[in-house]
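Down below is the structure, laid out as structure tokens.
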Amino acid sequence: MPRNPSQFLLRSTLGILAVGGVVVAANLDVRAADHADSPDTTEGNLDANDLYVFARGDNLVFALTVSPLLAPGQATADAAFNPEGLYQFNLDRERDGVADAVIQVAFLGSGTDQMVDVRGPVATTATTMGVVSAPSIRAPFDQTVVQGGTSIFAGPRDDPFFIDLFGDRSVTSVLNAAFGAALGEQVGADDEQSLEFNPDATDDLAGLNTLAIVVEVPKSQVAGALGIGPSDAFFAWATTGVRQ
């Protein structure tokens with residue numbers, strides 16, 4: 001298992017947009033982190049920011065951002081993923097906190113010359129340790145590669161997370177909607193269920209970058225790896241750690 005975990009949990013289906021963010025389900029022993037507050041690592045490229053999962057046509061897109069608060073310029077130009085790291089999308093059909101399938105992302109080499117190596121989605125068990133044995137797709141850093149219906153990208157991007165820390169209750173509404181998606185029930189009042197900020201809200205992360213891992217795969221592959229139907233719900237979280 002990877003160590004130094006930084007985790008997020010959300011509920012998704014194979015056909016419906018999922019809500020990303022810092023979401024932790026009740027009765028599960030998981031910890032969440034967001035933007036420079038990972039509980040178990042001081043290494044920025046292992047510090048998970050946000051997890052996004054959403055449908056696009058017949059595909060599902062899994063995106064994880066790390067290396068928070070990168071300033072434009074040299075800091076972004078020098079940013080790279082941990083060559084010893086294991087970045088993992090965990091997929092769970094029962095919501096028992098045990099991954100039934102994974103998409104694993106590792107990196108070969110260092111700096112901006114490194115290659116991204118993606119495996120999965122592939123079925124796994126509670127006894128699976130480290131890197132899974134499965135065919136992989138490789139791509140250069142900061143380039144998109146499409147192979148066999150799967151698209152992968154890993155590199156710097158503008159931070160997509162929007163937050164107005166000192167604004168109105170839009171923040172509460174967005175977090176309530178995210179928690180509600182994870183728990184499968186409404187959190188907060190009826191008028192606090194919006195995924196939209198007010199037009200005059202200030203994005204406090206505007207102008208800051210992050211490193212992003214984006215893997216787009218056919219829904220059929222996710223369903224097959226999980227052993228579920230094409231419209232069945234599943235749960236997902238992301239972890240970062242060091243390969244054993």
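Labels used: A, B, ... for chains in the order of the structure tokens, numbers from 1 for residues in each chain, and numbers from 1 for ligands as shown.
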Residues of segment 90-200 of chain A in strand (DSSP E or B) according to DSSP, as a ChimeraX atom specification? /A:90-92,101-108,115-123,136-140,145-147,150-158
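Non-sequential neighbours of Asn176 of chain A (distance at most 7 Å, separation of 6 or more positions within a chain, only C-alpha atoms) are Val187, Gly188, Glu192 and Gln193 of chain A.
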With only C-alpha atoms as the basis for distance, which of A:Asp190, A:Asp200, A:Glu185, A:Glu216 is at the shortest distance from Ser151 of chain A?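 Answer, going by the shortest atom-to-atom distance: A:Glu216.
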Tell me, counting only C-alpha atoms, for each residue of segment 120-227 of chain A within 7 Å of segment 92-113 of chain A, which pair of atoms is nearest and how far apart they are in Å to one decimal, in rows ordered by chain and increasing number, as JSON lines.
```
{"residue": "A:Gly120", "atom": "CA", "partner": "A:Ile103", "partner_atom": "CA", "distance": 4.5}
{"residue": "A:Pro121", "atom": "CA", "partner": "A:Ile103", "partner_atom": "CA", "distance": 4.7}
{"residue": "A:Val122", "atom": "CA", "partner": "A:Ala101", "partner_atom": "CA", "distance": 5.3}
{"residue": "A:Ala123", "atom": "CA", "partner": "A:Ala101", "partner_atom": "CA", "distance": 4.1}
{"residue": "A:Thr124", "atom": "CA", "partner": "A:Ala101", "partner_atom": "CA", "distance": 4.9}
{"residue": "A:Thr125", "atom": "CA", "partner": "A:Asp100", "partner_atom": "CA", "distance": 5.9}
{"residue": "A:Ala126", "atom": "CA", "partner": "A:Val98", "partner_atom": "CA", "distance": 6.3}
{"residue": "A:Phe141", "atom": "CA", "partner": "A:Thr112", "partner_atom": "CA", "distance": 6.0}
{"residue": "A:Ala225", "atom": "CA", "partner": "A:Ala101", "partner_atom": "CA", "distance": 5.9}
{"residue": "A:Leu226", "atom": "CA", "partner": "A:Ala101", "partner_atom": "CA", "distance": 5.8}
```
Output N, CA and C atoms of each residue in that selection to a file, as an mmCIF file, in the first residue's frame.
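Written file, result.cif:
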```cif
data_model
loop_
_atom_site.group_PDB
_atom_site.id
_atom_site.type_symbol
_atom_site.label_atom_id
_atom_site.label_comp_id
_atom_site.auth_asym_id
_atom_site.auth_seq_id
_atom_site.Cartn_x
_atom_site.Cartn_y
_atom_site.Cartn_z
ATOM 1 N N GLY A 120 -4.569 0.461 -15.743
ATOM 2 C CA GLY A 120 -5.952 0.320 -15.315
ATOM 3 C C GLY A 120 -6.905 1.124 -16.189
ATOM 4 N N PRO A 121 -8.213 1.033 -15.821
ATOM 5 C CA PRO A 121 -8.741 0.435 -14.602
ATOM 6 C C PRO A 121 -8.605 -1.082 -14.604
ATOM 7 N N VAL A 122 -8.208 -1.608 -13.439
ATOM 8 C CA VAL A 122 -8.010 -3.046 -13.296
ATOM 9 C C VAL A 122 -8.539 -3.457 -11.928
ATOM 10 N N ALA A 123 -9.169 -4.635 -11.865
ATOM 11 C CA ALA A 123 -9.707 -5.135 -10.604
ATOM 12 C C ALA A 123 -8.588 -5.378 -9.611
ATOM 13 N N THR A 124 -8.881 -5.165 -8.350
ATOM 14 C CA THR A 124 -7.892 -5.350 -7.298
ATOM 15 C C THR A 124 -8.585 -5.916 -6.068
ATOM 16 N N THR A 125 -7.821 -6.259 -5.052
ATOM 17 C CA THR A 125 -8.373 -6.793 -3.809
ATOM 18 C C THR A 125 -7.680 -6.119 -2.634
ATOM 19 N N ALA A 126 -8.181 -6.422 -1.436
ATOM 20 C CA ALA A 126 -7.599 -5.840 -0.227
ATOM 21 C C ALA A 126 -6.164 -6.299 -0.018
ATOM 22 N N PHE A 141 5.733 13.952 -20.316
ATOM 23 C CA PHE A 141 5.256 14.997 -19.422
ATOM 24 C C PHE A 141 4.656 16.137 -20.239
ATOM 25 N N ALA A 225 -14.089 -3.525 -14.822
ATOM 26 C CA ALA A 225 -13.126 -3.706 -13.740
ATOM 27 C C ALA A 225 -13.822 -3.839 -12.389
ATOM 28 N N LEU A 226 -14.946 -3.123 -12.222
ATOM 29 C CA LEU A 226 -15.673 -3.153 -10.962
ATOM 30 C C LEU A 226 -16.662 -4.306 -10.882
#
```
Distance criterion (only C-alpha atoms): nearest to Gly57 of chain A out of A:Asn209, A:Thr240, A:Ser220, A:Ser173: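 Smallest distance to Gly57 of chain A is found for A:Ser220.
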Pick from A:Phe89, A:Phe153, A:Phe161, A:Tyr52: nearest to Ala238 of chain A, with only C-alpha atoms counted?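 Going through A:Phe89, A:Phe153, A:Phe161, A:Tyr52 one by one, the smallest distance to Ala238 of chain A is for A:Phe89.
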Need the shell around Val131 of chain A: protein/DNA/RNA residues with any atom at most 8 Å away, counting only C-alpha atoms. Skip same-chain ones fewer than 2 positions apart. Format as a PyMOL selection string? chain A and resi 86+104+129+133+243
For those residues, write C-alpha atoms to a file as a CSV table (one decimal), in the first residue's frame.
```csv
chain,number,residue,atom,x,y,z
A,86,LEU,CA,2.3,6.2,-6.8
A,104,GLN,CA,-2.5,3.7,-11.1
A,129,MET,CA,0.2,-4.4,-2.7
A,133,SER,CA,0.4,-6.1,-12.9
A,243,ARG,CA,5.9,3.0,-4.3
```
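Across segment 80-187 of chain A, DSSP run on the backbone finds alpha helix (DSSP H) at Ser170, Val171, Thr172, Ser173, Val174, Leu175, Asn176, Ala177, Ala178, Phe179, Gly180, Ala181, Ala182 and Leu183 of chain A.
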Excluding Ala154 of chain A and any residue of its chain fewer than 6 positions from it, enumerate the residues within 6 Å of it, using only C-alpha atoms, and give them as a PyMOL selection string. chain A and resi 141-142+212-213
Produce a file of the selected residues containing C-alpha atoms, as a JSON list (two decimals), in the first residue's frame.
```
[["chain", "number", "residue", "atom", "x", "y", "z"],
["A", 141, "PHE", "CA", 5.26, 15.00, -19.42],
["A", 142, "ASP", "CA", 2.83, 17.78, -20.40],
["A", 212, "ALA", "CA", -2.73, 17.75, -12.92],
["A", 213, "ILE", "CA", -3.15, 14.07, -13.74]]
```
